[in-house]
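Down below is the structure, laid out as structure tokens.
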There are 2 protein chains.
Amino acid sequence: MLSALELARRLEAGEITVAAVVEQCALAIAAGEPRIGAFATLDLDGTRKAAADAGVLLRRPLAGLPVGVKDIFYTADLPTAYGSAIYAGHRPKADAAAVMAIRRAGGLVLGKTVTTEFAHLRPGKTRNPANPDHTPGGSSSGSAAAVAAGMVPIAIGSQTGGSVIRPAAYCGVAGFKPSYRLIPTVGMKCFSWHLDTVGVFAAGVADVAFATGSLTERDLRVDGKSPVAPRIAVVRSHIWAEATDAMKAAVETAARAAASAGARVSEMALPPIFEEAWRAHPTIQDYEAYRALAFEYDHYRESLGPLLRDLLDAAPAITPEAYDAARRTAMRARRALSAAMGESDAILTPSAPGAAPPSLASTGAAIFNRLWTLMGTPCINVPGLADEQGLPLGVQIVGLFGRDRHALEVGLFLERAITRHARG
Amino acid sequence: MLSALELARRLEAGEITVAAVVEQCALAIAAGEPRIGAFATLDLDGTRKAAADAGVLLRRPLAGLPVGVKDIFYTADLPTAYGSAIYAGHRPKADAAAVMAIRRAGGLVLGKTVTTEFAHLRPGKTRNPANPDHTPGGSSSGSAAAVAAGMVPIAIGSQTGGSVIRPAAYCGVAGFKPSYRLIPTVGMKCFSWHLDTVGVFAAGVADVAFATGSLTERDLRVDGKSPVAPRIAVVRSHIWAEATDAMKAAVETAARAAASAGARVSEMALPPIFEEAWRAHPTIQDYEAYRALAFEYDHYRESLGPLLRDLLDAAPAITPEAYDAARRTAMRARRALSAAMGESDAILTPSAPGAAPPSLASTGAAIFNRLWTLMGTPCINVPGLADEQGLPLGVQIVGLFGRDRHALEVGLFLERAITRHARG
């Protein structure tokens with residue numbers, strides 16, 4: 001994998017040129033893309049040309065770093081198809097705000113990464129770099145796989161259920177879903193306006209922190225620091241039984257590693273309102289999807305995949321009253337979270353039910369993610385653990401809304417503890 | 001003006017055909033449009049054709065009612081130019097969610113109404129139907145003017161500062177800015193993602209309630225009911241001195257009329273947090289506009305009007321810290337509002353500084369609106385009063401977030417009280 005931070009350091013020090021960085025990505029793409037299929041559209045020539053002009057950008061934080069953009073964000077210079085045949089060749093007039101944030105930060109948009117259909121469940125062509133017979137996860141399949149395969153140091157994606165944290169976990173990279181709206185969704189195809197959240201993929205926690213700070217012009221960097229030992233609450237929510245034995249063991253291992261590194265680790269039982277909120281998530285998501293995708297459903301129903309069509313067929317049965325009640329439940333849970341966390345800095349919980357399932361027909365389940373998407377809290381997939389077959393197992397750090405840097409510090413602490421634990 | 005409720009009733013009773021309703025609009029357009037310029041694009045032929053097919057729609061709530069759509073919403077079958085030469089002839093691939101809500105409710109999109117440039121301040125061609133030398137207000141200029149001139153019974157618009165309530169007040173129609181996100185902004189050109197709110201124009205308060213309930217599938221209708229006499233708090237905020245004498249008198253008249261009709265009217269002083277929030281509004285708006293319109297600014301700066309260009313030139317000086325602080329201020333004010341209102345059902349305050357200014361170079365000021373946009377509360381322009389020249393003077397009812405029907409009931413109560421008062 002390519003560390004965004006390390007590349008930025010070497011670029012700044014003059015140890016490497018932007019053109020060389022692009023060629024490093026191009027080599028990884030030439031080697032891996034035929035097998036992995038991370039990209040919907042590649043723009044190597046455009047990126048090479050931009051690299052040649054990139055000298056002037058070198059004072060910008062992402063200067064010269066190639067970035068993959070999930071094909072759910074508008075790009076004016078590249079097709080934007082949302083993983084749907086309905087939009088084949090579609091070219092919006094403007095770039096999405098997140099794409100412009102990449103460009104303003106000096107990043108080079110190297111291509112559009114594969115998304116599931118409208119960022120829902122129908123898989124694209126992407127395979128898991130760790131084992132191509134396994135799903136890369138979704139919906140940000142291509143972004144996670146492209147980073148895992150060293151094709152780009154940074155990629156952006158989006159999460160409505162578990163679409164950033166899950167593929168990051170399955171592919172073994174760091175994934176960061178920041179606080180709701182820290183990165184604007186303007187110009188991103190909407191699935192659910194209460195839930196859609198822009199997220200970032202990179203090699204490690206310090207890399208996603210660097211990339212997200214650069215995109216949002218905020219001081220989110222955690223590299224070069226020694227995070228204070230945090231108080232971590234292990235959450236085995238009502239769906240703990242859905243986790244595989246390997247995932248349960250990974251959470252225990254992560255907790256032990258954190259404790260060995262000095263963290264105070266405790267158990268935390270979530271009050272019942274959080275199970276209610278977990279159940280409210282699909283009510284909000286599906287009600288809104290029926291309205292956000294109204295044009296596609298009413299005009300192109302037959303061109304939709306069966307999973308999305310079934311969802312939209314069923315959604316009109318969700319009444320506005322049920323939807324409003326679900327939103328109130330979410331609001332109550334959001335207000336309860338800070339009290340529930342008490343003295344803890346962050347929650348430790350699975351990123352996914354287990355390692356990537358051995359199938360390309362499904363992208364796995366978002367059951368360990370959707371509560372946190374609804375809460376709008378920062379979530380980090382911390383990579384570094386693996387099952388007996390060597391498939392990545394990701395564990396998740398959840399922080400408090402608006403305290404993104406603090407969550408990233410805990411994530412970095414845990415990542416280092418896991419690394420030390422693996423060595424030791 | 002055309003009452004949407006009355007037309008719906010007559011259509012349902014078979015007293016009038018959909019085709020006849022469309023021709024009534026066409027006549028008003030033929031008579032008034034050359035002078036008023038409410039439409040960016042008209043689709044009379046398409047609407048006539050849709051009217052011929054509309055028999056099957058008659059069980060839907062807006063069946064057969066022509067609707068004007070502000071040219072800030074995506075339409076796949078009509079150009080969508082946002083009042084900007086940059087987007088001349090632009091045709092999005094899909095309809096906005098609000099446009100689909102109109103179609104699903106059986107409404108007929110008769111045309112796109114004039115917006116100021118990107119729903120900011122640069123005026124379009126529209127004139128005030130009450131006096132064509134005066135501004136119709138903005139940014140939803142065409143929607144307010146088209147309803148005022150009887151060209152459509154319903155129009156939709158959007159408010160980021162005061163873009164629904166102000167033009168409704170200036171043109172003498174009912175305007176409703178519902179609770180934040182009651183109508184989705186999906187497929188609406190974004191100016192500020194925390195502030196942009198979809199709103200509705202119609203002849204009277206009962207008409208906007210009917211239209212908004214139809215678009216949101218909620219029971220918001222207030223017609224046919226006798227609202228209970230409410231408790232109304234008159235708010236003279238820190239900008240009261242900016243109101244003209246005529247507007248001050250209009251608020252007094254409205255308060256007296258409400259009291260005569262049985263309402264309990266009191267004075268309410270807003271705690272200082274609300275002045276802070278009022279000052280926070282442009283910080284949030286401008287910070288987000290610089291990111292939402294990043295593509296347009298970075299690629300077409302010279303094609304922007306001077307007001308928007310100046311705003312975007314200055315916006316990079318707003319730090320993320322200042323923006324985050326402004327959002328926290330807004331959050332504190334939102335939490336304080338319910339307590340501040342105490343036993344009151346709604347606030348009565350000016351809709352605008354006065355009547356429409358005698359100029360076409362400016363659309364007037366949003367100073368009496370932006371606090372309430374930031375609060376996300378339902379706001380209604382209640383028409384019915386006028387200054388000595390006969391220009392409309394609108395007063396504003398502000399309710400509590402999520403209590404839209406209650407706010408509309410208060411608005412209807414006040415509208416009736418004003419009408420009775422005017423009759424003497």
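To be explicit about the labels: the chains of the structure tokens are called A, B, and onward in the order shown, and within each one the residues are counted from 1, while ligands get numbers from 1 in the order they are shown.
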Near Ala289 in chain B, within 12 Å and counting only C-alpha atoms, which residues show up once chain neighbours fewer than 6 positions away are dropped, as a PDB file with C-alpha atoms, in the first residue's frame?
```
ATOM      1  CA  ALA A  97     -18.005  19.611  -3.714  1.00  0.00           C
ATOM      2  CA  PRO A 184     -20.281  18.051   2.023  1.00  0.00           C
ATOM      3  CA  VAL A 186     -23.203  18.381  -2.583  1.00  0.00           C
TER       4      VAL A 186
ATOM      5  CA  PHE B 118     -27.959  30.639  -8.084  1.00  0.00           C
ATOM      6  CA  ALA B 119     -30.744  31.767  -5.726  1.00  0.00           C
ATOM      7  CA  HIS B 120     -28.495  34.548  -4.436  1.00  0.00           C
ATOM      8  CA  THR B 160     -31.445  30.135   2.205  1.00  0.00           C
ATOM      9  CA  LYS B 189     -28.753  23.423  -6.837  1.00  0.00           C
ATOM     10  CA  CYS B 190     -27.078  23.874  -3.479  1.00  0.00           C
ATOM     11  CA  PHE B 191     -26.009  27.216  -2.086  1.00  0.00           C
ATOM     12  CA  SER B 192     -25.717  26.254   1.590  1.00  0.00           C
ATOM     13  CA  TRP B 193     -26.449  22.727   2.734  1.00  0.00           C
ATOM     14  CA  HIS B 194     -27.303  23.765   6.277  1.00  0.00           C
ATOM     15  CA  LEU B 195     -29.728  26.465   5.172  1.00  0.00           C
ATOM     16  CA  ASP B 196     -31.323  25.635   1.806  1.00  0.00           C
ATOM     17  CA  PRO B 282     -23.920  34.678   6.836  1.00  0.00           C
ATOM     18  CA  THR B 283     -20.842  32.917   8.220  1.00  0.00           C
ATOM     19  CA  PHE B 295     -16.746  24.387  -9.535  1.00  0.00           C
ATOM     20  CA  GLU B 296     -18.515  27.502 -10.783  1.00  0.00           C
ATOM     21  CA  TYR B 297     -16.200  29.832  -8.861  1.00  0.00           C
ATOM     22  CA  LEU B 308     -21.968  36.625  -5.850  1.00  0.00           C
ATOM     23  CA  ARG B 309     -18.384  37.048  -7.032  1.00  0.00           C
ATOM     24  CA  ASP B 310     -17.699  39.419  -4.144  1.00  0.00           C
ATOM     25  CA  LEU B 311     -19.246  36.989  -1.684  1.00  0.00           C
ATOM     26  CA  LEU B 312     -17.144  34.113  -2.995  1.00  0.00           C
ATOM     27  CA  ASP B 313     -13.994  36.250  -3.185  1.00  0.00           C
ATOM     28  CA  ALA B 314     -14.379  37.081   0.499  1.00  0.00           C
ATOM     29  CA  ALA B 315     -15.493  33.649   1.696  1.00  0.00           C
ATOM     30  CA  PRO B 316     -12.056  31.977   1.927  1.00  0.00           C
ATOM     31  CA  ILE B 318     -13.943  32.536   6.874  1.00  0.00           C
TER      32      ILE B 318
END
```
* To do: Identify all chain A residues at most 9 Å from chain B by counting only C-alpha atoms; ligands do not count. Present them as a VMD selection string.
  => chain A and resid 87 90 92 to 98 100 to 101 104 181 184 to 187 189 to 190 193 216 to 218 288 291 to 296 298 319 to 321
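Of the residues under consideration (B:Ala361, B:Ala241, B:Val109, B:Leu385), B:Leu385 shows the shortest atom-to-atom contact distance to Ala257 in chain B when counting only C-alpha atoms.
Considering only range 97-170 of chain B, backbone DSSP assigns strand (DSSP E) to B:Leu108, B:Val109, B:Leu110, B:Gly111, B:Lys112, B:Thr113, B:Ile154, B:Ala155, B:Ile156, B:Gly157, B:Ser158, B:Gln159.
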* Asked: Smallest atom-to-atom distance to Met331 in chain A: which of A:Ala258, A:Ala280, A:Ala146, A:Ala366, using only C-alpha atoms?
  -> A:Ala280
* Running DSSP on the backbone, which parts of range 38-105 of chain A land in alpha helix (DSSP H), as a PyMOL selection string? -> chain A and resi 44-52+97-104
* **Residue nearest Arg327 in chain B - candidates A:Leu182, A:Val147, A:Leu400, A:Ile347, atoms counted: only C-alpha atoms** => A:Leu182
